[in-house]
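This is entry_39.cif. It holds mmCIF, C-alpha atoms.
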data_coords
#
loop_
_atom_site.label_atom_id
_atom_site.label_comp_id
_atom_site.auth_asym_id
_atom_site.auth_seq_id
_atom_site.Cartn_x
_atom_site.Cartn_y
_atom_site.Cartn_z
CA MET A 1 1.78 29.48 40.34
CA LYS A 2 4.87 30.20 38.29
CA ASP A 3 4.28 31.62 34.80
CA GLY A 4 5.72 28.56 33.04
CA ARG A 5 3.46 26.15 34.92
CA PHE A 6 0.44 28.41 34.30
CA HIS A 7 1.00 28.46 30.55
CA LEU A 8 1.53 24.68 30.46
CA CYS A 9 -1.73 24.06 32.30
CA LEU A 10 -3.57 26.54 30.07
CA PHE A 11 -2.24 24.77 26.97
CA VAL A 12 -3.41 21.38 28.23
CA VAL A 13 -6.89 22.76 28.98
CA LEU A 14 -7.18 24.37 25.55
CA LEU A 15 -5.95 21.24 23.79
CA SER A 16 -8.45 19.10 25.67
CA LEU A 17 -11.26 21.22 24.26
CA LEU A 18 -10.26 20.16 20.76
CA THR A 19 -9.18 16.58 21.27
CA PRO A 20 -11.51 13.56 21.58
CA ILE A 21 -11.71 12.00 25.03
CA GLY A 22 -9.25 9.17 25.40
CA SER A 23 -6.71 10.46 22.85
CA LEU A 24 -5.23 13.60 24.36
CA ALA A 25 -1.74 12.21 23.97
CA HIS A 26 -0.92 10.30 20.83
CA PRO A 27 2.03 9.55 18.55
CA GLY A 28 2.35 11.23 15.17
CA SER A 29 0.80 9.97 11.95
CA GLY A 30 2.75 11.88 9.31
CA ILE A 31 4.23 9.81 6.48
CA VAL A 32 4.68 10.93 2.86
CA ALA A 33 6.51 9.90 -0.31
CA ASP A 34 8.18 11.93 -3.06
CA ARG A 35 8.18 11.15 -6.77
CA GLN A 36 11.45 9.19 -6.50
CA GLY A 37 10.00 6.83 -3.92
CA ASN A 38 11.81 8.29 -0.90
CA ILE A 39 9.76 8.05 2.28
CA TYR A 40 9.59 10.70 5.02
CA PHE A 41 7.97 10.21 8.41
CA VAL A 42 7.35 11.97 11.70
CA ASP A 43 8.93 10.78 14.92
CA THR A 44 7.01 12.50 17.71
CA GLY A 45 9.94 11.85 20.03
CA SER A 46 12.77 13.31 17.95
CA GLY A 47 11.71 14.89 14.65
CA VAL A 48 11.74 13.92 10.97
CA TRP A 49 13.35 10.96 9.18
CA LYS A 50 13.95 10.04 5.55
CA ILE A 51 14.23 6.54 4.08
CA ASP A 52 15.81 6.68 0.63
CA ARG A 53 15.17 4.16 -2.15
CA ASN A 54 18.17 2.11 -1.00
CA GLY A 55 16.77 1.81 2.52
CA ARG A 56 19.21 4.27 4.08
CA LEU A 57 17.75 6.08 7.09
CA THR A 58 18.67 9.74 7.66
CA ARG A 59 17.48 12.17 10.30
CA LEU A 60 16.43 15.57 8.97
CA SER A 61 16.06 18.89 10.70
CA GLY A 62 12.54 19.71 11.79
CA PRO A 63 10.23 19.75 14.82
CA ALA A 64 8.75 16.65 16.44
CA TYR A 65 5.20 17.44 15.39
CA HIS A 66 2.28 15.10 14.70
CA TRP A 67 1.25 15.60 11.06
CA MET A 68 3.05 15.98 7.76
CA ALA A 69 2.34 16.85 4.14
CA ILE A 70 4.61 17.23 1.13
CA ASP A 71 4.77 20.27 -1.14
CA ILE A 72 6.49 18.46 -3.99
CA ASP A 73 6.60 21.36 -6.44
CA GLY A 74 7.20 24.11 -3.88
CA ARG A 75 3.94 25.81 -4.83
CA LEU A 76 3.43 27.08 -1.28
CA ALA A 77 6.92 28.54 -0.95
CA LYS A 78 5.65 32.14 -0.75
CA ALA A 79 2.36 31.48 1.02
CA THR A 80 1.87 32.58 4.61
CA LEU A 81 1.19 29.34 6.46
CA PRO A 82 -1.52 29.17 9.15
CA TYR A 83 -0.67 30.07 12.72
CA PHE A 84 -3.19 30.23 15.57
CA SER A 85 -1.73 32.20 18.45
CA SER A 86 -4.45 31.16 20.92
CA GLN A 87 -2.99 27.65 20.98
CA ASP A 88 0.41 28.20 19.41
CA ALA A 89 -0.73 25.87 16.62
CA THR A 90 1.43 26.17 13.55
CA ILE A 91 2.80 24.69 10.33
CA THR A 92 6.54 24.68 9.66
CA ARG A 93 8.46 24.17 6.40
CA VAL A 94 11.30 21.66 6.38
CA GLY A 95 13.83 21.36 3.56
CA ALA A 96 13.44 22.01 -0.15
CA ASP A 97 12.99 19.88 -3.27
CA PRO A 98 10.80 18.55 -1.83
CA THR A 99 9.51 20.78 0.93
CA LEU A 100 7.90 19.03 3.87
CA LEU A 101 5.18 20.73 5.89
CA LEU A 102 4.94 19.80 9.58
CA ALA A 103 1.79 20.63 11.56
CA SER A 104 1.72 20.80 15.33
CA ASP A 105 -1.97 20.50 16.14
CA PHE A 106 -4.06 19.49 13.12
CA PRO A 107 -3.84 17.16 10.11
CA ILE A 108 -2.83 18.67 6.76
CA THR A 109 -2.62 17.64 3.12
CA VAL A 110 -1.53 19.26 -0.15
CA GLY A 111 -3.53 18.82 -3.35
CA ARG A 112 -2.15 18.35 -6.86
CA ASP A 113 -2.73 22.06 -7.56
CA GLY A 114 -0.53 22.97 -4.58
CA SER A 115 -3.37 24.01 -2.27
CA LEU A 116 -3.01 23.29 1.43
CA TYR A 117 -6.00 21.84 3.29
CA TYR A 118 -6.41 21.85 7.06
CA PRO A 119 -9.24 21.75 9.65
CA TRP A 120 -9.80 24.31 12.36
CA LEU A 121 -12.44 25.10 14.94
CA ARG A 122 -13.16 28.80 15.29
CA VAL A 123 -14.61 29.98 18.59
CA GLY A 124 -18.38 29.56 18.62
CA GLU A 125 -18.47 27.89 15.20
CA GLN A 126 -18.52 24.39 13.74
CA LEU A 127 -15.40 22.58 12.60
CA GLN A 128 -14.38 23.62 9.08
CA ILE A 129 -11.89 22.47 6.45
CA PHE A 130 -9.96 25.36 4.92
CA ARG A 131 -8.17 25.64 1.59
CA LEU A 132 -5.07 27.81 1.30
CA ALA A 133 -4.30 28.43 -2.37
CA PRO A 134 -0.68 28.84 -3.52
CA SER A 135 -1.47 32.42 -4.48
CA GLY A 136 -2.41 33.19 -0.88
CA PRO A 137 -6.22 33.40 -0.43
CA THR A 138 -7.83 31.15 2.18
CA SER A 139 -11.38 29.88 1.74
CA VAL A 140 -13.70 27.40 3.46
CA LEU A 141 -13.94 24.14 1.52
CA HIS A 142 -16.42 22.50 3.85
CA THR A 143 -18.19 22.99 7.17
CA VAL A 144 -18.37 19.65 8.96
CA PRO A 145 -22.06 18.95 9.68
CA VAL A 146 -23.61 18.05 12.99
CA ASN A 147 -24.58 14.36 13.01
CA GLY A 148 -28.10 14.06 14.43
CA ASP A 149 -28.06 13.82 18.23
CA ASN A 150 -24.27 13.50 18.36
CA PRO A 151 -22.27 16.50 19.57
CA PRO A 152 -20.54 18.58 16.87
CA LEU A 153 -17.14 17.28 15.80
CA ARG A 154 -14.24 19.25 17.23
CA TRP A 155 -11.44 17.29 15.61
CA LEU A 156 -10.42 15.36 12.50
CA ASN A 157 -7.85 12.57 12.70
CA GLY A 158 -6.40 12.62 9.18
CA LEU A 159 -6.64 14.25 5.74
CA ALA A 160 -5.71 13.09 2.24
CA ALA A 161 -6.08 14.93 -1.08
CA THR A 162 -6.67 13.13 -4.39
CA PRO A 163 -5.82 14.18 -7.97
CA ASP A 164 -9.45 15.06 -8.76
CA GLY A 165 -9.40 17.76 -6.07
CA SER A 166 -11.30 15.81 -3.44
CA VAL A 167 -10.27 15.72 0.21
CA TYR A 168 -10.84 12.63 2.35
CA TYR A 169 -10.89 12.79 6.13
CA THR A 170 -11.16 10.41 9.06
CA GLU A 171 -13.24 10.41 12.21
CA ASN A 172 -12.90 7.74 14.87
CA ARG A 173 -15.33 5.39 13.09
CA ALA A 174 -15.83 6.97 9.68
CA VAL A 175 -14.10 7.97 6.46
CA ARG A 176 -15.68 10.79 4.45
CA ARG A 177 -14.96 12.59 1.18
CA VAL A 178 -15.42 16.24 0.29
CA THR A 179 -15.63 17.04 -3.42
CA PRO A 180 -13.88 20.11 -4.93
CA GLN A 181 -17.29 21.81 -4.79
CA GLY A 182 -17.56 21.15 -1.04
CA LYS A 183 -20.15 18.37 -1.23
CA LEU A 184 -19.86 15.70 1.46
CA THR A 185 -20.14 11.98 0.79
CA THR A 186 -19.55 9.11 3.22
CA VAL A 187 -17.12 6.35 2.32
CA VAL A 188 -17.85 4.26 5.44
CA ASP A 189 -19.51 5.09 8.74
CA ASN A 190 -20.07 3.49 12.15
CA VAL A 191 -17.40 0.90 11.42
CA THR A 192 -16.86 -1.91 13.90
CA LEU A 193 -14.24 -4.61 13.44
CA SER A 194 -14.67 -8.20 14.60
CA GLU A 195 -10.91 -8.50 15.16
CA CYS A 196 -9.79 -5.54 17.22
CA ASP A 197 -6.82 -6.00 19.52
CA SER A 198 -6.47 -3.57 22.39
CA VAL A 199 -3.69 -1.00 22.07
CA PRO A 200 -2.05 0.61 25.15
CA GLY A 201 -3.20 4.16 25.79
CA ILE A 202 -6.20 4.02 23.40
CA SER A 203 -9.66 3.90 24.96
CA THR A 204 -12.01 1.24 23.64
CA ASN A 205 -14.77 3.85 23.27
CA LEU A 206 -12.86 5.25 20.28
CA GLY A 207 -13.61 2.08 18.31
CA PRO A 208 -11.25 1.52 15.35
CA TYR A 209 -9.95 5.08 15.86
CA PHE A 210 -9.15 5.88 12.22
CA ARG A 211 -6.16 8.16 11.78
CA GLY A 212 -3.86 8.58 8.75
CA LEU A 213 -5.16 7.58 5.32
CA ASP A 214 -4.28 7.62 1.63
CA VAL A 215 -6.12 6.92 -1.63
CA ASP A 216 -4.64 5.13 -4.63
CA ALA A 217 -5.20 5.85 -8.33
CA GLN A 218 -8.19 3.48 -8.44
CA GLY A 219 -9.95 5.28 -5.58
CA THR A 220 -9.20 2.58 -3.02
CA VAL A 221 -8.81 4.00 0.48
CA TYR A 222 -6.16 2.72 2.89
CA VAL A 223 -6.59 3.83 6.48
CA ALA A 224 -4.81 3.18 9.77
CA ALA A 225 -7.26 1.72 12.28
CA THR A 226 -5.03 2.68 15.20
CA GLY A 227 -7.44 1.52 17.89
CA CYS A 228 -7.49 -2.00 16.43
CA GLY A 229 -3.86 -2.42 15.39
CA SER A 230 -4.58 -2.82 11.68
CA VAL A 231 -4.60 -1.16 8.26
CA LEU A 232 -7.86 -1.38 6.32
CA LYS A 233 -8.46 -1.38 2.58
CA ILE A 234 -11.79 0.13 1.54
CA THR A 235 -12.83 -0.40 -2.07
CA ALA A 236 -15.20 1.73 -4.15
CA ASP A 237 -18.05 -0.67 -3.32
CA LYS A 238 -17.30 -0.13 0.39
CA LYS A 239 -15.84 -3.58 0.99
CA ILE A 240 -13.53 -3.44 4.01
CA THR A 241 -10.52 -5.75 4.32
CA ALA A 242 -7.69 -5.78 6.84
CA VAL A 243 -4.49 -5.87 4.75
CA LEU A 244 -2.01 -5.56 7.61
CA ARG A 245 -2.12 -6.31 11.30
CA SER A 246 0.27 -5.31 14.06
CA SER A 247 1.00 -7.02 17.34
CA SER A 248 0.31 -4.91 20.42
CA PRO A 249 1.83 -2.59 21.59
CA TRP A 250 2.59 -1.76 17.93
CA SER A 251 -0.20 -0.10 15.96
CA PRO A 252 -0.40 1.81 12.65
CA THR A 253 -0.96 5.57 12.73
CA GLY A 254 -0.37 6.61 9.10
CA VAL A 255 -0.09 5.23 5.56
CA VAL A 256 1.11 6.39 2.15
CA VAL A 257 0.82 4.77 -1.27
CA SER A 258 4.00 4.92 -3.38
CA GLY A 259 4.04 3.07 -6.69
CA ASN A 260 2.54 -0.37 -6.13
CA ASP A 261 3.48 -0.47 -2.46
CA LEU A 262 1.88 0.75 0.75
CA TYR A 263 4.12 2.21 3.44
CA VAL A 264 2.81 2.07 7.00
CA LEU A 265 3.97 4.18 9.94
CA GLU A 266 3.55 2.31 13.21
CA TYR A 267 4.28 3.24 16.80
CA SER A 268 4.94 1.16 19.86
CA HIS A 269 2.20 2.62 22.06
CA THR A 270 2.38 3.06 25.82
CA ALA A 271 -0.22 3.89 28.44
CA GLY A 272 1.68 7.08 29.31
CA ASP A 273 2.22 10.28 27.37
CA SER A 274 6.02 10.42 27.15
CA ARG A 275 6.94 11.13 23.53
CA ARG A 276 10.37 9.57 23.97
CA GLU A 277 8.72 6.25 24.79
CA TRP A 278 6.69 6.18 21.56
CA LEU A 279 8.99 4.33 19.17
CA PRO A 280 8.19 4.49 15.43
CA ARG A 281 8.88 2.06 12.65
CA VAL A 282 7.94 1.87 8.96
CA ARG A 283 6.78 -1.29 7.22
CA ARG A 284 6.26 -1.81 3.51
CA LEU A 285 3.32 -3.84 2.24
CA ALA A 286 4.15 -4.95 -1.30
CA SER A 287 1.55 -5.62 -3.97
CA ASP A 288 2.15 -9.38 -3.54
CA GLY A 289 1.25 -9.17 0.15
CA ARG A 290 4.77 -9.37 1.57
CA VAL A 291 5.43 -7.19 4.62
CA VAL A 292 8.94 -5.95 5.37
CA THR A 293 10.13 -3.63 8.14
CA ILE A 294 12.37 -1.02 6.49
CA ALA A 295 13.14 1.30 9.41
CA THR A 296 12.90 1.25 13.21
CA ILE A 297 13.79 4.04 15.63
CA ASP A 298 15.00 2.82 19.02
CA ARG A 299 15.92 5.18 21.86
CA ARG A 300 16.28 2.53 24.55
#
Show the structure stored in the file as structure tokens.
Amino acid sequence: MKDGRFHLCLFVVLLSLLTPIGSLAHPGSGIVADRQGNIYFVDTGSGVWKIDRNGRLTRLSGPAYHWMAIDIDGRLAKATLPYFSSQDATITRVGADPTLLLASDFPITVGRDGSLYYPWLRVGEQLQIFRLAPSGPTSVLHTVPVNGDNPPLRWLNGLAATPDGSVYYTENRAVRRVTPQGKLTTVVDNVTLSECDSVPGISTNLGPYFRGLDVDAQGTVYVAATGCGSVLKITADKKITAVLRSSSPWSPTGVVVSGNDLYVLEYSHTAGDSRREWLPRVRRLASDGRVVTIATIDRR
């Protein structure tokens, strides 16, 4: 076997050890907003895009990775970002003022204090969430527990940091919160939705398949239920409401709150794993319930 083919096969095997069955190939879920209300999102087929406040769409330099965070104040400018040579998993900086962080193989988020949070599975250990401080030290925020008879988690689908220093994360059927002290609480668990349209390329055994999420100033969680083609609103009293639905093959993968509006990254899913065939768009859900498509990428 030629060296190139060997390394490609090895990469696929290694990635399959970390990725939940049924979601080896998936579009990106990175979408963020800056203080001016500009929106940035990941296009897994071609890179990074910006939508300015006037609705103008601009392509930026940057890799076509899966996850994105924003370092608004440039606090991590001198920090050595994580790189795992065993899987060539990395985080790359894009631009300045603000600086975008693009992650190839794991979700990331940046807290108000400038700390970077990311999950990783060390060999022979449980999945952990790490905190990289702007000054450089890396520490373990939380070790993801084993859930009863279920196998240990090897993957998280999304991360979001809140102003109080908490970090929220998604599993396929659950949303959980880790306090700044590392204590775990469950927002919702074992979620099933009565209205769940099938989405091409996503196995039904993944359930709602929660991916990108964000939390507003009132503590309300918004999460992309990618496996059901909808965005859910989860209030502090754990009431779950679908606030946006997509028509298959479109399905949300990421969300970001900006001002009074919610911006939703959606992809046109396919049963295959060709990144060029995953076409992204961004829709805005206004506070009055109106939904407007503000950007669509079309390579056909």
- prompt: Looking at A:Pro151, A:Pro163, A:Gly219, A:Gly136, which one is nearest to Val187 in chain A, with distances taken over all atoms listed in the file?
  reply: A:Gly219
field: Output check: residues returned by the PyMOL selection byres ((chain A and resi 231) around 8), as a list of chain:residue names
entry: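 On the file shown, the PyMOL selection byres ((chain A and resi 231) around 8) covers A:Tyr222, A:Val223, A:Ala224, A:Ala225, A:Thr226, A:Gly229, A:Ser230, A:Leu232, A:Lys233, A:Ala242, A:Val243, A:Leu244, A:Arg245, A:Pro252.
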message: To one decimal place in Å, what is the distance between CA of Val144 in chain A and CA of Ser194 in chain A?
response: 28.7 Å
Hits of the PyMOL selection byres ((chain A and resi 138-140) around 12) in this structure, as a compact mmCIF listing (two decimals) with C-alpha atoms, in the frame of the given file:
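Result file part_11.txt:
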# COMPACT_ATOMS: atom_id res chain seq x y z
CA ALA A 79 2.36 31.48 1.02
CA THR A 80 1.87 32.58 4.61
CA LEU A 81 1.19 29.34 6.46
CA PRO A 82 -1.52 29.17 9.15
CA SER A 115 -3.37 24.01 -2.27
CA LEU A 116 -3.01 23.29 1.43
CA TYR A 117 -6.00 21.84 3.29
CA TYR A 118 -6.41 21.85 7.06
CA PRO A 119 -9.24 21.75 9.65
CA TRP A 120 -9.80 24.31 12.36
CA LEU A 121 -12.44 25.10 14.94
CA ARG A 122 -13.16 28.80 15.29
CA GLN A 126 -18.52 24.39 13.74
CA LEU A 127 -15.40 22.58 12.60
CA GLN A 128 -14.38 23.62 9.08
CA ILE A 129 -11.89 22.47 6.45
CA PHE A 130 -9.96 25.36 4.92
CA ARG A 131 -8.17 25.64 1.59
CA LEU A 132 -5.07 27.81 1.30
CA ALA A 133 -4.30 28.43 -2.37
CA PRO A 134 -0.68 28.84 -3.52
CA SER A 135 -1.47 32.42 -4.48
CA GLY A 136 -2.41 33.19 -0.88
CA PRO A 137 -6.22 33.40 -0.43
CA LEU A 141 -13.94 24.14 1.52
CA HIS A 142 -16.42 22.50 3.85
CA THR A 143 -18.19 22.99 7.17
CA VAL A 144 -18.37 19.65 8.96
CA VAL A 178 -15.42 16.24 0.29
CA PRO A 180 -13.88 20.11 -4.93
CA GLN A 181 -17.29 21.81 -4.79
CA GLY A 182 -17.56 21.15 -1.04
query: What is the distance, in Å and to one decimal place, between CA of Pro280 in chain A and CA of Trp155 in chain A?
result: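 CA of Trp155 in chain A lies 23.4 Å from CA of Pro280 in chain A.
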My structure is short of atoms at range 70-90 of chain A; please model N, CA and C atoms there, returning them as a JSON list (two decimals), in the coordinates of the input.
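Saved as selection-v7.json:
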[["chain", "number", "residue", "atom", "x", "y", "z"],
["A", 70, "ILE", "N", 3.48, 16.97, 2.00],
["A", 70, "ILE", "CA", 4.61, 17.23, 1.13],
["A", 70, "ILE", "C", 4.20, 18.20, 0.03],
["A", 71, "ASP", "N", 4.98, 19.26, -0.10],
["A", 71, "ASP", "CA", 4.77, 20.27, -1.14],
["A", 71, "ASP", "C", 5.80, 19.99, -2.23],
["A", 72, "ILE", "N", 5.50, 19.00, -3.06],
["A", 72, "ILE", "CA", 6.49, 18.46, -3.99],
["A", 72, "ILE", "C", 7.04, 19.52, -4.94],
["A", 73, "ASP", "N", 6.17, 20.37, -5.45],
["A", 73, "ASP", "CA", 6.60, 21.36, -6.44],
["A", 73, "ASP", "C", 6.92, 22.72, -5.84],
["A", 74, "GLY", "N", 6.88, 22.83, -4.52],
["A", 74, "GLY", "CA", 7.20, 24.11, -3.88],
["A", 74, "GLY", "C", 6.20, 25.20, -4.19],
["A", 75, "ARG", "N", 4.95, 24.82, -4.45],
["A", 75, "ARG", "CA", 3.94, 25.81, -4.83],
["A", 75, "ARG", "C", 3.59, 26.75, -3.68],
["A", 76, "LEU", "N", 3.79, 26.28, -2.45],
["A", 76, "LEU", "CA", 3.43, 27.08, -1.28],
["A", 76, "LEU", "C", 4.61, 27.85, -0.69],
["A", 77, "ALA", "N", 5.69, 27.95, -1.46],
["A", 77, "ALA", "CA", 6.92, 28.54, -0.95],
["A", 77, "ALA", "C", 6.73, 29.98, -0.46],
["A", 78, "LYS", "N", 5.85, 30.73, -1.11],
["A", 78, "LYS", "CA", 5.65, 32.14, -0.75],
["A", 78, "LYS", "C", 4.37, 32.38, 0.03],
["A", 79, "ALA", "N", 3.63, 31.33, 0.28],
["A", 79, "ALA", "CA", 2.36, 31.48, 1.02],
["A", 79, "ALA", "C", 2.63, 31.64, 2.50],
["A", 80, "THR", "N", 1.80, 32.44, 3.16],
["A", 80, "THR", "CA", 1.87, 32.58, 4.61],
["A", 80, "THR", "C", 1.10, 31.41, 5.23],
["A", 81, "LEU", "N", 1.81, 30.54, 5.91],
["A", 81, "LEU", "CA", 1.19, 29.34, 6.46],
["A", 81, "LEU", "C", 0.38, 29.67, 7.72],
["A", 82, "PRO", "N", -0.65, 28.89, 8.00],
["A", 82, "PRO", "CA", -1.52, 29.17, 9.15],
["A", 82, "PRO", "C", -0.77, 29.14, 10.48],
["A", 83, "TYR", "N", -1.17, 30.06, 11.35],
["A", 83, "TYR", "CA", -0.67, 30.07, 12.72],
["A", 83, "TYR", "C", -1.80, 30.59, 13.60],
["A", 84, "PHE", "N", -2.11, 29.85, 14.67],
["A", 84, "PHE", "CA", -3.19, 30.23, 15.57],
["A", 84, "PHE", "C", -2.57, 30.51, 16.94],
["A", 85, "SER", "N", -2.45, 31.79, 17.25],
["A", 85, "SER", "CA", -1.73, 32.20, 18.45],
["A", 85, "SER", "C", -2.41, 31.74, 19.74],
["A", 86, "SER", "N", -3.74, 31.55, 19.70],
["A", 86, "SER", "CA", -4.45, 31.16, 20.92],
["A", 86, "SER", "C", -3.99, 29.82, 21.45],
["A", 87, "GLN", "N", -3.47, 28.95, 20.55],
["A", 87, "GLN", "CA", -2.99, 27.65, 20.98],
["A", 87, "GLN", "C", -1.57, 27.37, 20.51],
["A", 88, "ASP", "N", -0.94, 28.38, 19.94],
["A", 88, "ASP", "CA", 0.41, 28.20, 19.41],
["A", 88, "ASP", "C", 0.44, 27.05, 18.42],
["A", 89, "ALA", "N", -0.62, 26.93, 17.62],
["A", 89, "ALA", "CA", -0.73, 25.87, 16.62],
["A", 89, "ALA", "C", -0.18, 26.39, 15.30],
["A", 90, "THR", "N", 0.71, 25.63, 14.69],
["A", 90, "THR", "CA", 1.43, 26.17, 13.55],
["A", 90, "THR", "C", 1.81, 25.09, 12.55]]
